[in-house]
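Chemist: The structure file input36.cif (mmCIF, C-alpha atoms and all ligand atoms) is provided below.
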```cif
data_entry
#
loop_
_atom_site.label_atom_id
_atom_site.label_comp_id
_atom_site.auth_asym_id
_atom_site.auth_seq_id
_atom_site.Cartn_x
_atom_site.Cartn_y
_atom_site.Cartn_z
CA MET Z 822 13.76 14.04 -9.14
CA PRO Z 823 13.39 10.67 -10.91
CA ASP Z 824 9.88 10.08 -12.21
CA ARG Z 825 9.18 7.34 -9.64
CA ILE Z 826 10.01 7.57 -5.94
CA HIS Z 827 10.26 5.06 -3.08
CA ASN Z 828 6.70 4.18 -2.12
CA PHE Z 829 6.06 2.66 1.32
CA SER Z 830 2.28 3.10 1.21
CA ALA Z 831 0.24 0.48 3.08
CA GLY Z 832 -2.28 0.20 0.27
CA PRO Z 833 -2.95 0.76 -2.52
CA ALA Z 834 0.74 0.02 -2.67
CA THR Z 835 3.65 -0.17 -5.04
CA LEU Z 836 3.34 -2.66 -7.92
CA PRO Z 837 6.12 -4.46 -9.83
CA GLU Z 838 7.52 -2.13 -12.48
CA PRO Z 839 7.47 -4.71 -15.32
CA VAL Z 840 3.76 -5.24 -14.59
CA LEU Z 841 3.06 -1.51 -14.78
CA ARG Z 842 4.89 -1.25 -18.09
CA LYS Z 843 2.94 -4.17 -19.53
CA ALA Z 844 -0.34 -2.74 -18.21
CA GLN Z 845 0.45 0.58 -19.90
CA GLU Z 846 0.58 -1.22 -23.23
CA ALA Z 847 -2.46 -3.37 -22.46
CA ILE Z 848 -4.58 -0.31 -21.74
CA TRP Z 849 -3.96 0.70 -25.35
CA ASN Z 850 -4.10 -2.68 -27.07
CA VAL Z 851 -4.19 -6.00 -25.24
CA ALA Z 852 -2.99 -9.29 -26.72
CA GLY Z 853 -2.79 -7.79 -30.23
CA SER Z 854 -6.59 -7.41 -30.30
CA GLY Z 855 -6.58 -3.73 -31.25
CA ILE Z 856 -8.70 -3.03 -28.17
CA GLY Z 857 -7.52 -2.01 -24.71
CA ILE Z 858 -8.05 -4.24 -21.67
CA MET Z 859 -10.62 -1.87 -20.14
CA GLU Z 860 -12.65 -1.82 -23.35
CA HIS Z 861 -13.14 -5.56 -23.90
CA SER Z 862 -16.38 -7.39 -23.12
CA HIS Z 863 -16.04 -9.69 -20.14
CA ARG Z 864 -17.92 -12.26 -22.25
CA GLY Z 865 -15.43 -12.25 -25.13
CA LYS Z 866 -12.58 -14.62 -26.05
CA VAL Z 867 -9.83 -12.15 -25.12
CA PHE Z 868 -11.05 -11.69 -21.57
CA ASP Z 869 -11.80 -15.44 -21.27
CA ARG Z 870 -8.13 -16.04 -21.79
CA ILE Z 871 -7.05 -13.30 -19.41
CA ILE Z 872 -9.12 -14.61 -16.51
CA ALA Z 873 -8.18 -18.23 -17.24
CA GLU Z 874 -4.48 -17.31 -17.25
CA ALA Z 875 -4.85 -15.29 -14.04
CA GLU Z 876 -6.50 -18.25 -12.32
CA GLN Z 877 -3.91 -20.66 -13.69
CA ALA Z 878 -0.99 -18.53 -12.48
CA CYS Z 879 -2.68 -18.10 -9.09
CA ARG Z 880 -3.13 -21.86 -8.78
CA SER Z 881 0.37 -22.76 -9.85
CA LEU Z 882 2.01 -20.41 -7.33
CA ALA Z 883 0.63 -22.25 -4.31
CA GLY Z 884 -0.30 -25.54 -5.96
CA ILE Z 885 -3.98 -24.87 -5.27
CA PRO Z 886 -5.67 -28.28 -5.53
CA ASP Z 887 -8.68 -28.94 -7.78
CA ASP Z 888 -11.09 -29.09 -4.88
CA TYR Z 889 -10.63 -25.37 -4.23
CA ARG Z 890 -12.23 -22.63 -6.29
CA VAL Z 891 -10.39 -19.42 -7.15
CA LEU Z 892 -12.77 -16.45 -7.34
CA PHE Z 893 -12.23 -12.82 -8.31
CA LEU Z 894 -14.86 -10.76 -6.50
CA GLN Z 895 -15.66 -7.17 -5.56
CA GLY Z 896 -16.41 -5.28 -2.36
CA GLY Z 897 -12.90 -5.74 -0.99
CA ALA Z 898 -11.88 -7.75 2.03
CA SER Z 899 -14.49 -5.71 3.88
CA LEU Z 900 -17.35 -7.45 2.08
CA GLN Z 901 -15.76 -10.81 2.89
CA PHE Z 902 -16.04 -9.85 6.57
CA ALA Z 903 -19.82 -10.15 5.99
CA MET Z 904 -19.95 -12.84 3.27
CA VAL Z 905 -18.04 -15.36 5.36
CA PRO Z 906 -20.54 -15.37 8.27
CA MET Z 907 -23.53 -14.96 5.92
CA ASN Z 908 -22.55 -18.16 4.14
CA LEU Z 909 -21.01 -20.19 6.97
CA LEU Z 910 -22.66 -19.09 10.22
CA GLY Z 911 -26.26 -19.58 11.34
CA ALA Z 912 -28.02 -17.44 13.96
CA ASP Z 913 -27.71 -20.24 16.54
CA ARG Z 914 -24.08 -21.16 15.84
CA THR Z 915 -20.82 -19.73 17.14
CA ALA Z 916 -17.77 -18.65 15.13
CA ASP Z 917 -14.39 -18.22 16.79
CA TYR Z 918 -12.26 -15.17 16.01
CA LEU Z 919 -8.61 -14.54 16.81
CA LEU Z 920 -8.67 -10.82 17.45
CA THR Z 921 -5.37 -9.20 16.53
CA GLY Z 922 -6.21 -5.71 15.28
CA VAL Z 923 -8.63 -3.29 13.71
CA TRP Z 924 -9.27 -5.48 10.65
CA SER Z 925 -10.16 -8.47 12.85
CA GLN Z 926 -12.42 -6.18 14.88
CA LYS Z 927 -14.23 -5.17 11.73
CA ALA Z 928 -14.61 -8.82 10.73
CA VAL Z 929 -16.06 -9.58 14.20
CA LYS Z 930 -18.49 -6.68 13.92
CA GLU Z 931 -19.97 -8.05 10.69
CA ALA Z 932 -20.19 -11.60 12.04
CA LYS Z 933 -21.97 -10.44 15.21
CA ALA Z 934 -24.88 -9.31 13.06
CA ILE Z 935 -25.29 -12.90 11.83
CA GLY Z 936 -24.55 -15.29 14.70
CA LYS Z 937 -22.68 -15.79 17.97
CA ILE Z 938 -19.03 -14.83 18.24
CA HIS Z 939 -16.41 -16.18 20.59
CA ILE Z 940 -13.05 -14.41 20.87
CA ALA Z 941 -10.64 -17.34 21.11
CA ALA Z 942 -7.62 -15.11 21.86
CA THR Z 943 -6.71 -11.45 21.62
CA SER Z 944 -3.78 -9.12 22.17
CA GLU Z 945 -6.00 -6.07 22.58
CA ALA Z 946 -4.73 -5.47 26.17
CA THR Z 947 -1.35 -4.39 24.79
CA ASN Z 948 -2.75 -2.50 21.80
CA PHE Z 949 -2.27 -5.48 19.46
CA ASP Z 950 1.51 -5.41 19.63
CA ARG Z 951 1.78 -9.20 19.33
CA ILE Z 952 0.25 -12.42 18.04
CA PRO Z 953 -1.33 -14.61 20.76
CA LYS Z 954 0.67 -17.68 21.79
CA PRO Z 955 -0.79 -21.13 21.04
CA GLN Z 956 -1.43 -21.81 24.75
CA GLU Z 957 -3.57 -18.64 25.03
CA ILE Z 958 -6.08 -19.82 22.43
CA ARG Z 959 -9.38 -21.17 23.82
CA TYR Z 960 -11.84 -22.34 21.21
CA SER Z 961 -15.57 -22.69 21.85
CA SER Z 962 -17.03 -26.20 21.94
CA SER Z 963 -18.02 -26.51 18.29
CA PRO Z 964 -17.27 -23.42 16.21
CA ALA Z 965 -18.67 -23.08 12.69
CA TYR Z 966 -15.23 -21.80 11.72
CA VAL Z 967 -12.13 -20.07 13.09
CA HIS Z 968 -11.16 -16.71 11.59
CA ILE Z 969 -7.69 -15.14 11.63
CA THR Z 970 -6.03 -12.07 10.14
CA THR Z 971 -2.66 -13.41 9.01
CA ASN Z 972 -0.93 -10.01 8.88
CA ASN Z 973 -2.04 -7.01 10.90
CA THR Z 974 -1.34 -4.18 8.52
CA ILE Z 975 -1.86 -1.39 11.06
CA TYR Z 976 0.17 -2.83 13.97
CA GLY Z 977 2.89 -4.61 12.00
CA THR Z 978 2.34 -8.08 13.43
CA GLN Z 979 2.06 -11.35 11.53
CA TRP Z 980 1.26 -14.97 12.31
CA ARG Z 981 4.41 -17.03 11.66
CA THR Z 982 2.33 -20.15 11.01
CA GLU Z 983 -1.34 -21.05 11.13
CA PRO Z 984 -2.76 -21.70 14.62
CA SER Z 985 -3.98 -25.26 15.00
CA VAL Z 986 -7.77 -25.50 14.95
CA PRO Z 987 -10.14 -28.22 16.18
CA SER Z 988 -10.33 -31.02 13.63
CA GLY Z 989 -12.96 -30.58 10.96
CA VAL Z 990 -13.37 -26.85 11.68
CA PRO Z 991 -12.57 -24.64 8.67
CA LEU Z 992 -9.88 -22.02 9.17
CA ILE Z 993 -10.81 -18.77 7.40
CA ALA Z 994 -8.05 -16.24 6.79
CA ASP Z 995 -7.96 -12.59 5.83
CA THR Z 996 -4.59 -12.49 4.08
CA SER Z 997 -5.07 -9.06 2.51
CA SER Z 998 -1.66 -7.72 3.44
CA ASP Z 999 0.54 -10.81 3.11
CA MET Z 1000 -1.05 -12.90 0.37
CA TYR Z 1001 1.61 -14.69 -1.64
CA SER Z 1002 4.42 -13.03 0.27
CA ARG Z 1003 5.51 -16.53 1.37
CA PRO Z 1004 4.50 -20.14 0.71
CA LEU Z 1005 0.85 -20.91 1.43
CA ASP Z 1006 -0.46 -24.37 2.36
CA ILE Z 1007 -4.05 -23.92 1.24
CA ARG Z 1008 -5.02 -27.38 2.57
CA LYS Z 1009 -4.97 -25.87 6.05
CA TYR Z 1010 -7.69 -23.39 5.13
CA GLY Z 1011 -11.36 -23.43 4.26
CA ILE Z 1012 -11.25 -19.92 2.76
CA VAL Z 1013 -8.42 -17.49 2.14
CA TYR Z 1014 -9.37 -14.00 0.99
CA ALA Z 1015 -7.32 -10.94 0.15
CA GLY Z 1016 -8.12 -7.47 -1.14
CA ALA Z 1017 -5.72 -7.00 -4.05
CA GLN Z 1018 -4.36 -3.57 -3.31
CA LYS Z 1019 -1.52 -4.51 -0.97
CA ASN Z 1020 0.32 -7.41 -2.53
CA LEU Z 1021 -1.60 -8.46 -5.62
CA GLY Z 1022 -2.78 -5.60 -7.81
CA PRO Z 1023 -5.00 -2.52 -7.96
CA SER Z 1024 -7.94 -1.94 -5.62
CA GLY Z 1025 -11.37 -3.13 -6.72
CA VAL Z 1026 -10.79 -6.87 -6.79
CA VAL Z 1027 -10.68 -9.35 -3.94
CA LEU Z 1028 -9.21 -12.81 -4.38
CA VAL Z 1029 -11.17 -15.61 -2.67
CA ILE Z 1030 -9.85 -19.17 -2.58
CA ILE Z 1031 -12.53 -21.44 -1.18
CA ARG Z 1032 -12.75 -25.18 -0.58
CA ASN Z 1033 -15.49 -26.79 -2.69
CA GLY Z 1034 -17.31 -28.09 0.37
CA LEU Z 1035 -17.96 -24.51 1.56
CA VAL Z 1036 -19.19 -23.09 -1.72
CA GLU Z 1037 -22.69 -24.48 -1.19
CA ALA Z 1038 -22.89 -23.73 2.55
CA GLY Z 1039 -24.86 -20.48 2.26
CA ALA Z 1040 -28.66 -20.28 2.29
CA LYS Z 1041 -30.22 -19.83 -1.13
CA THR Z 1042 -32.30 -17.02 0.34
CA LEU Z 1043 -29.21 -14.78 0.61
CA PRO Z 1044 -28.96 -12.04 -2.01
CA THR Z 1045 -27.58 -13.69 -5.13
CA MET Z 1046 -24.38 -11.62 -5.17
CA LEU Z 1047 -23.61 -12.62 -1.57
CA GLN Z 1048 -23.69 -16.39 -2.15
CA TYR Z 1049 -20.35 -18.00 -2.95
CA ARG Z 1050 -22.18 -20.54 -5.14
CA THR Z 1051 -23.24 -17.79 -7.56
CA HIS Z 1052 -19.67 -16.77 -8.29
CA ALA Z 1053 -18.36 -20.33 -8.35
CA ALA Z 1054 -21.06 -21.46 -10.79
CA GLU Z 1055 -20.40 -18.51 -13.10
CA ASN Z 1056 -16.57 -18.54 -12.84
CA SER Z 1057 -16.57 -15.03 -11.32
CA LEU Z 1058 -18.59 -13.76 -14.31
CA TYR Z 1059 -22.08 -13.59 -12.79
CA ASN Z 1060 -21.99 -9.81 -13.14
CA THR Z 1061 -19.37 -7.63 -14.80
CA PRO Z 1062 -16.13 -8.33 -12.93
CA PRO Z 1063 -13.31 -5.82 -12.37
CA THR Z 1064 -11.68 -6.78 -15.66
CA PHE Z 1065 -8.67 -4.46 -15.42
CA GLY Z 1066 -7.93 -5.52 -11.84
CA ILE Z 1067 -8.09 -9.19 -12.79
CA TYR Z 1068 -5.72 -8.56 -15.70
CA VAL Z 1069 -3.18 -6.82 -13.46
CA MET Z 1070 -3.50 -9.47 -10.76
CA GLY Z 1071 -2.76 -12.14 -13.36
CA GLU Z 1072 0.35 -10.23 -14.43
CA VAL Z 1073 1.44 -9.90 -10.79
CA PHE Z 1074 1.09 -13.68 -10.36
CA LYS Z 1075 3.20 -14.23 -13.48
CA TRP Z 1076 5.76 -11.75 -12.16
CA ILE Z 1077 6.00 -13.69 -8.89
CA GLN Z 1078 6.54 -16.87 -10.95
CA SER Z 1079 9.30 -15.14 -12.90
CA GLN Z 1080 11.00 -14.16 -9.64
CA GLY Z 1081 11.15 -17.79 -8.54
CA GLY Z 1082 7.75 -18.23 -6.90
CA LEU Z 1083 6.68 -18.00 -3.29
CA ASN Z 1084 9.91 -19.33 -1.76
CA ALA Z 1085 11.86 -16.62 -3.57
CA MET Z 1086 9.30 -14.00 -2.45
CA ALA Z 1087 9.70 -15.13 1.16
CA GLU Z 1088 13.47 -14.84 0.93
CA HIS Z 1089 13.27 -11.39 -0.69
CA ASN Z 1090 10.81 -10.21 1.99
CA GLU Z 1091 12.90 -11.62 4.85
CA THR Z 1092 16.01 -9.86 3.55
CA LYS Z 1093 14.25 -6.50 3.38
CA ALA Z 1094 12.57 -6.84 6.78
CA ARG Z 1095 15.80 -7.98 8.44
CA LEU Z 1096 17.58 -4.89 7.19
CA LEU Z 1097 14.99 -2.64 8.83
CA TYR Z 1098 14.55 -4.60 12.07
CA ASP Z 1099 18.30 -5.05 12.58
CA TYR Z 1100 18.73 -1.32 12.30
CA LEU Z 1101 15.77 -0.62 14.63
CA ASP Z 1102 17.25 -3.01 17.21
CA SER Z 1103 20.61 -1.27 17.05
CA SER Z 1104 19.17 2.25 17.15
CA GLU Z 1105 19.06 4.31 20.32
CA PHE Z 1106 16.65 6.70 18.68
CA PHE Z 1107 13.99 4.70 16.83
CA ARG Z 1108 12.17 1.71 18.28
CA GLY Z 1109 10.00 -0.95 16.69
CA THR Z 1110 6.53 -1.22 18.23
CA ALA Z 1111 5.66 -4.89 17.57
CA GLN Z 1112 7.01 -7.54 19.92
CA PRO Z 1113 10.02 -9.21 18.26
CA ASP Z 1114 8.46 -12.68 17.96
CA SER Z 1115 5.37 -11.22 16.26
CA ARG Z 1116 6.99 -8.84 13.79
CA SER Z 1117 5.51 -8.53 10.34
CA LEU Z 1118 7.69 -8.90 7.27
CA MET Z 1119 5.23 -6.68 5.39
CA ASN Z 1120 4.55 -3.65 7.62
CA VAL Z 1121 7.33 -2.38 9.86
CA CYS Z 1122 5.99 0.01 12.52
CA PHE Z 1123 8.30 2.23 14.53
CA ARG Z 1124 8.44 5.33 16.69
CA ALA Z 1125 10.90 8.19 17.20
CA PRO Z 1126 11.53 9.76 20.64
CA SER Z 1127 8.78 12.41 20.27
CA GLU Z 1128 5.81 13.23 18.07
CA GLU Z 1129 7.59 16.40 16.92
CA LEU Z 1130 10.54 14.32 15.70
CA GLU Z 1131 8.15 11.91 14.02
CA ALA Z 1132 6.48 14.75 12.12
CA LYS Z 1133 9.91 16.06 11.12
CA PHE Z 1134 11.02 12.58 10.04
CA ILE Z 1135 7.98 12.07 7.82
CA SER Z 1136 8.25 15.50 6.29
CA GLU Z 1137 11.99 15.21 5.52
CA ALA Z 1138 11.55 11.68 4.19
CA THR Z 1139 8.80 12.82 1.85
CA LYS Z 1140 11.02 15.62 0.51
CA LEU Z 1141 13.69 13.03 -0.29
CA GLY Z 1142 11.28 10.81 -2.22
CA LEU Z 1143 10.54 8.32 0.57
CA ASP Z 1144 6.75 8.37 0.60
CA GLY Z 1145 3.92 6.80 2.58
CA LEU Z 1146 5.74 6.41 5.90
CA LYS Z 1147 3.13 7.91 8.22
CA GLY Z 1148 1.69 5.30 10.58
CA HIS Z 1149 -2.03 4.53 10.54
CA ARG Z 1150 -4.06 7.26 12.24
CA SER Z 1151 -5.15 4.85 14.99
CA VAL Z 1152 -1.58 4.16 16.19
CA GLY Z 1153 0.58 7.10 15.07
CA GLY Z 1154 4.32 6.90 14.51
CA MET Z 1155 5.76 5.52 11.31
CA ARG Z 1156 5.08 2.48 9.18
CA ALA Z 1157 7.10 1.20 6.25
CA SER Z 1158 5.06 -1.16 4.10
CA ILE Z 1159 7.48 -3.36 2.22
CA TYR Z 1160 5.31 -5.75 0.23
CA ASN Z 1161 6.50 -8.09 -2.52
CA ALA Z 1162 6.93 -5.32 -5.10
CA CYS Z 1163 8.98 -3.09 -2.76
CA SER Z 1164 12.60 -3.37 -3.85
CA LEU Z 1165 15.63 -3.98 -1.66
CA GLN Z 1166 16.96 -0.63 -2.95
CA SER Z 1167 13.94 1.16 -1.50
CA VAL Z 1168 14.53 -0.38 1.91
CA GLN Z 1169 18.24 0.42 1.72
CA ALA Z 1170 17.39 4.03 0.89
CA LEU Z 1171 15.04 4.17 3.88
CA VAL Z 1172 17.58 2.71 6.31
CA SER Z 1173 20.27 5.14 5.09
CA PHE Z 1174 17.91 8.04 5.65
CA MET Z 1175 16.96 6.75 9.11
CA LYS Z 1176 20.63 6.51 10.10
CA GLU Z 1177 21.26 10.02 8.88
CA PHE Z 1178 18.18 11.33 10.67
CA GLU Z 1179 19.21 9.62 13.90
CA ARG Z 1180 22.68 11.16 13.67
CA SER Z 1181 21.45 14.68 13.12
CA ASN Z 1182 18.60 14.59 15.66
CA ARG Z 1183 20.10 12.62 18.53
CA ALA Z 1184 21.00 15.81 20.37
CA ALA Z 1185 17.47 17.20 20.04
CA ALA Z 1186 16.09 13.91 21.35
CA ALA Z 1187 18.42 13.95 24.37
CA ARG Z 1188 17.22 17.46 25.31
CA SER Z 1189 13.51 16.59 25.04
C1 LIG Z 1201 -6.54 -3.29 3.89
C2 LIG Z 1201 -7.07 -4.43 4.65
C3 LIG Z 1201 -8.43 -4.75 4.67
C4 LIG Z 1201 -9.47 -3.90 3.96
O1 LIG Z 1201 -9.51 -4.22 2.64
P1 LIG Z 1201 -10.59 -3.55 1.65
O2 LIG Z 1201 -10.23 -4.21 0.37
O3 LIG Z 1201 -10.36 -2.08 1.69
O4 LIG Z 1201 -11.94 -3.91 2.13
C5 LIG Z 1201 -8.83 -5.86 5.36
N1 LIG Z 1201 -7.95 -6.64 6.02
C6 LIG Z 1201 -6.64 -6.36 6.04
C7 LIG Z 1201 -5.72 -7.25 6.78
C8 LIG Z 1201 -6.16 -5.25 5.36
O5 LIG Z 1201 -4.85 -4.97 5.38
#
```
Could you show the structure in this file as C-alpha cells?
Modeler:
Amino acid sequence: MPDRIHNFSAGPATLPEPVLRKAQEAIWNVAGSGIGIMEHSHRGKVFDRIIAEAEQACRSLAGIPDDYRVLFLQGGASLQFAMVPMNLLGADRTADYLLTGVWSQKAVKEAKAIGKIHIAATSEATNFDRIPKPQEIRYSSSPAYVHITTNNTIYGTQWRTEPSVPSGVPLIADTSSDMYSRPLDIRKYGIVYAGAQKNLGPSGVVLVIIRNGLVEAGAKTLPTMLQYRTHAAENSLYNTPPTFGIYVMGEVFKWIQSQGGLNAMAEHNETKARLLYDYLDSSEFFRGTAQPDSRSLMNVCFRAPSEELEAKFISEATKLGLDGLKGHRSVGGMRASIYNACSLQSVQALVSFMKEFERSNRAAAARS
C-alpha cells in the first residue's frame, strides 16, 4: 500500500501534494524564522507577510478589484449563513433565496430568524437533482439581496453561470465547494464566501470577499465579531485568526497560480468530470443522479442497481485505496468529490474500478 491513497472525500478534502510538503516544513520552521507557523504571533512581521501574501495571491487569481475586501474569518460557511442576514437584512425587509439543497436550506433557516425570506426558485420537488432554469426564477419586489449556493455538494449540482438579479440588488454566493475551481467574475457579486475545507485549505477558516459598500451595512449594535466592518477595519486580525489555515490557503492560491490559474483549473476539472460522466452515461449498471444540464464538476453523485451493491462497491473501493466515496447520509448512493487538488490519475483509477465492478456484478444486478 502506498502511503497516500485516492481520496474522494467531500470535505475536508484532498490538498495539493506540494502544498502539504511545504506545510510540513513550515510547521517546523517557517520562512527561515526558526519558529513554526503555528507558533508565531499573529501580530508579528512573519505572519504579517504570510497573510499579505495569501491575500495578494487570492486577489491576483480572480483579479479582485480594490473596492472589494478579502477577509479570512472563522465559524465556517455556516456562520456566514447568519452573518449575511445579520448585516444585510432588516426585520422588515425581504431577502430572496435560490433553494437548491441542504446548504441553501440551512442558509434560509438562519435568515428567517432575522427578516423575511422569499424563495425565488427551488428544485426541492425533485430532491434537488437540478438547478432551476432562468424562467423559473421569481424575485420579490425589492429584495435586500439574492442568495445562491453555486455548487450543491450533497446533490452534485452546480450553477453554470450566475443567475441574473434585479439591478442594484447584491448577489451573495456560498461557493464553499467550488471556489476557484473556475474563473470568477467578482463584479457580479456583493459577497462570495467559502469554507476552506473543500477547495482551498484546511477547515477552520472561511474566505469572505465583500464589496466595500456592504462592509458598513450592519448595525453597530451587532456583536462585534459578527460585524463585517470589524474584520475589514482590522484586516482579519481583530481577534486571533486561524493562522495555520491562512498560511495553507495562501499556499493553495500560489499552487493554483503555478498550475496556470483559474482557466487551467477549469480545464483540469472539466477533463476529470467528463471522464466520470461519460462513463456513467455509457454504463448500464451505474447511473448519475443529477440532471445532465445541472451536473457538478466538483461532486459526482451516482447510484448502483441496489443498496446491497452500493455497500459492496464502497467496501471494495475502500480496500483498493479509493476512499470517501459514500454519498451524503441524506441522499445515499455514492459521491466522488473531485476538487481542484484531485488528480486525473485518481479519477482514472476510480473509473477503471467502476468498469471492473460493473463487469463482475452485472449478473447479480440482473437477478435482483
Ligand atoms: C460544506 C459546506 C458548507 C458548510 O461549511 P462549514 O464550513 O462546515 O460551515 C456550506 N455550504 C456548502 C456549499 C458546503 O459544501
Chemist: Name all residues at most 12 Å from Lys954 in chain Z (count only C-alpha atoms; drop same-chain ones fewer than 2 positions away) and give them as a CSV table (one decimal) with C-alpha atoms, in the frame of the given file.
Modeler:
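Below is the file result_5.csv, written as the result:
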```csv
chain,number,residue,atom,x,y,z
Z,919,LEU,CA,-8.6,-14.5,16.8
Z,921,THR,CA,-5.4,-9.2,16.5
Z,941,ALA,CA,-10.6,-17.3,21.1
Z,942,ALA,CA,-7.6,-15.1,21.9
Z,943,THR,CA,-6.7,-11.4,21.6
Z,944,SER,CA,-3.8,-9.1,22.2
Z,951,ARG,CA,1.8,-9.2,19.3
Z,952,ILE,CA,0.2,-12.4,18.0
Z,956,GLN,CA,-1.4,-21.8,24.8
Z,957,GLU,CA,-3.6,-18.6,25.0
Z,958,ILE,CA,-6.1,-19.8,22.4
Z,959,ARG,CA,-9.4,-21.2,23.8
Z,980,TRP,CA,1.3,-15.0,12.3
Z,981,ARG,CA,4.4,-17.0,11.7
Z,982,THR,CA,2.3,-20.2,11.0
Z,983,GLU,CA,-1.3,-21.0,11.1
Z,984,PRO,CA,-2.8,-21.7,14.6
Z,985,SER,CA,-4.0,-25.3,15.0
Z,1114,ASP,CA,8.5,-12.7,18.0
Z,1115,SER,CA,5.4,-11.2,16.3
```
Chemist: As lines of an AutoDock Vina configuration file, what would the box around ligand LIG 1201 (chain Z) look like: edges along x, y and z, 3 Å added on every side, centre and edge lengths in Å to one decimal?
Modeler:
```
center_x = -8.4
center_y = -4.7
center_z = 3.6
size_x = 13.1
size_y = 11.2
size_z = 12.4
```
Chemist: Between CA of Asp1102 in chain Z and CA of Leu1083 in chain Z, what is the distance in Å, rounded to a tenth?
Modeler: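 Between these atoms lies a distance of 27.5 Å.
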Chemist: Could you check the closest approach to Phe868 in chain Z for each of Z:Pro1062, Z:Gly1016, Z:Gly1011, Z:Gly896 and tell me which residue wins, using all atoms listed in the file?
Modeler: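 Among the listed residues, the smallest separation from Phe868 in chain Z belongs to Z:Pro1062.
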Chemist: Please find the residues contacting ligand LIG 1201 (chain Z) at a distance of at most 8 Å between atoms, with all atoms listed in the file counted, and report them as a ChimeraX atom specification.
Modeler: /Z:831-832,896-901,924-925,970-975,995-998,1015-1019,1024-1027
Chemist: What does the distance from CA of Leu1035 in chain Z to CA of Glu874 in chain Z come to in Å, to one decimal?
Modeler: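 One can read the CA of Leu1035 in chain Z to CA of Glu874 in chain Z distance as 24.2 Å.
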Chemist: Quick one, how far is CA of Trp1076 in chain Z from CA of Ala1162 in chain Z?
Modeler: 9.6 Å
Chemist: At a cut-off of 12 Å, using all atoms listed in the file, what residues contact Phe829 in chain Z? Leave out same-chain residues fewer than 6 positions from it and give the result as an MDAnalysis selection string.
Modeler: chainID Z and resid 835:836 1019 1119:1122 1135 1138:1139 1142:1148 1155:1164 1167:1168 1170:1171
Chemist: With all atoms listed in the file as the atoms that count, which of Z:Ile935, Z:Val867, Z:Ala1053, Z:Ile856 lies nearest to Asp888 in chain Z?
Modeler: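 Checking each candidate against Asp888 in chain Z, we get Z:Ala1053 as the closest.
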Chemist: Of the candidates Z:Ala994, Z:Leu1118, Z:Tyr976, Z:Leu1047, which one gets nearest to Arg1150 in chain Z if we count only C-alpha atoms?
Modeler: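 Selected residue with least distance to Arg1150 in chain Z: Z:Tyr976.
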Chemist: Output requested as a PDB file, keeping the file's coordinate frame - range 892-903 of chain Z, filled out with N, CA, C and O atoms.
Modeler:
```pdb
ATOM      1  N   LEU Z 892     -11.765 -17.417  -6.916  1.00  0.00           N
ATOM      2  CA  LEU Z 892     -12.770 -16.450  -7.340  1.00  0.00           C
ATOM      3  C   LEU Z 892     -12.202 -15.027  -7.313  1.00  0.00           C
ATOM      4  O   LEU Z 892     -11.400 -14.696  -6.430  1.00  0.00           O
ATOM      5  N   PHE Z 893     -12.627 -14.225  -8.262  1.00  0.00           N
ATOM      6  CA  PHE Z 893     -12.230 -12.820  -8.310  1.00  0.00           C
ATOM      7  C   PHE Z 893     -13.485 -11.990  -8.067  1.00  0.00           C
ATOM      8  O   PHE Z 893     -14.330 -11.876  -8.960  1.00  0.00           O
ATOM      9  N   LEU Z 894     -13.612 -11.435  -6.866  1.00  0.00           N
ATOM     10  CA  LEU Z 894     -14.860 -10.760  -6.500  1.00  0.00           C
ATOM     11  C   LEU Z 894     -14.636  -9.277  -6.244  1.00  0.00           C
ATOM     12  O   LEU Z 894     -13.532  -8.760  -6.403  1.00  0.00           O
ATOM     13  N   GLN Z 895     -15.723  -8.613  -5.837  1.00  0.00           N
ATOM     14  CA  GLN Z 895     -15.660  -7.170  -5.560  1.00  0.00           C
ATOM     15  C   GLN Z 895     -16.088  -6.891  -4.118  1.00  0.00           C
ATOM     16  O   GLN Z 895     -16.462  -7.790  -3.397  1.00  0.00           O
ATOM     17  N   GLY Z 896     -16.012  -5.641  -3.731  1.00  0.00           N
ATOM     18  CA  GLY Z 896     -16.410  -5.280  -2.360  1.00  0.00           C
ATOM     19  C   GLY Z 896     -15.268  -5.377  -1.375  1.00  0.00           C
ATOM     20  O   GLY Z 896     -15.455  -5.128  -0.180  1.00  0.00           O
ATOM     21  N   GLY Z 897     -14.078  -5.724  -1.850  1.00  0.00           N
ATOM     22  CA  GLY Z 897     -12.900  -5.740  -0.990  1.00  0.00           C
ATOM     23  C   GLY Z 897     -12.952  -6.811   0.084  1.00  0.00           C
ATOM     24  O   GLY Z 897     -13.912  -7.583   0.187  1.00  0.00           O
ATOM     25  N   ALA Z 898     -11.901  -6.835   0.879  1.00  0.00           N
ATOM     26  CA  ALA Z 898     -11.880  -7.750   2.030  1.00  0.00           C
ATOM     27  C   ALA Z 898     -13.043  -7.406   2.955  1.00  0.00           C
ATOM     28  O   ALA Z 898     -13.615  -8.280   3.603  1.00  0.00           O
ATOM     29  N   SER Z 899     -13.424  -6.132   2.968  1.00  0.00           N
ATOM     30  CA  SER Z 899     -14.490  -5.710   3.880  1.00  0.00           C
ATOM     31  C   SER Z 899     -15.812  -6.422   3.597  1.00  0.00           C
ATOM     32  O   SER Z 899     -16.560  -6.708   4.526  1.00  0.00           O
ATOM     33  N   LEU Z 900     -16.114  -6.708   2.339  1.00  0.00           N
ATOM     34  CA  LEU Z 900     -17.350  -7.450   2.080  1.00  0.00           C
ATOM     35  C   LEU Z 900     -17.201  -8.918   2.489  1.00  0.00           C
ATOM     36  O   LEU Z 900     -18.167  -9.547   2.911  1.00  0.00           O
ATOM     37  N   GLN Z 901     -15.981  -9.440   2.407  1.00  0.00           N
ATOM     38  CA  GLN Z 901     -15.760 -10.810   2.890  1.00  0.00           C
ATOM     39  C   GLN Z 901     -15.996 -10.919   4.401  1.00  0.00           C
ATOM     40  O   GLN Z 901     -16.402 -11.973   4.885  1.00  0.00           O
ATOM     41  N   PHE Z 902     -15.750  -9.825   5.130  1.00  0.00           N
ATOM     42  CA  PHE Z 902     -16.040  -9.850   6.570  1.00  0.00           C
ATOM     43  C   PHE Z 902     -17.502 -10.265   6.792  1.00  0.00           C
ATOM     44  O   PHE Z 902     -17.829 -10.936   7.769  1.00  0.00           O
ATOM     45  N   ALA Z 903     -18.401  -9.828   5.873  1.00  0.00           N
ATOM     46  CA  ALA Z 903     -19.820 -10.150   5.990  1.00  0.00           C
ATOM     47  C   ALA Z 903     -20.184 -11.446   5.246  1.00  0.00           C
ATOM     48  O   ALA Z 903     -20.980 -12.244   5.724  1.00  0.00           O
TER      49      ALA Z 903
END
```
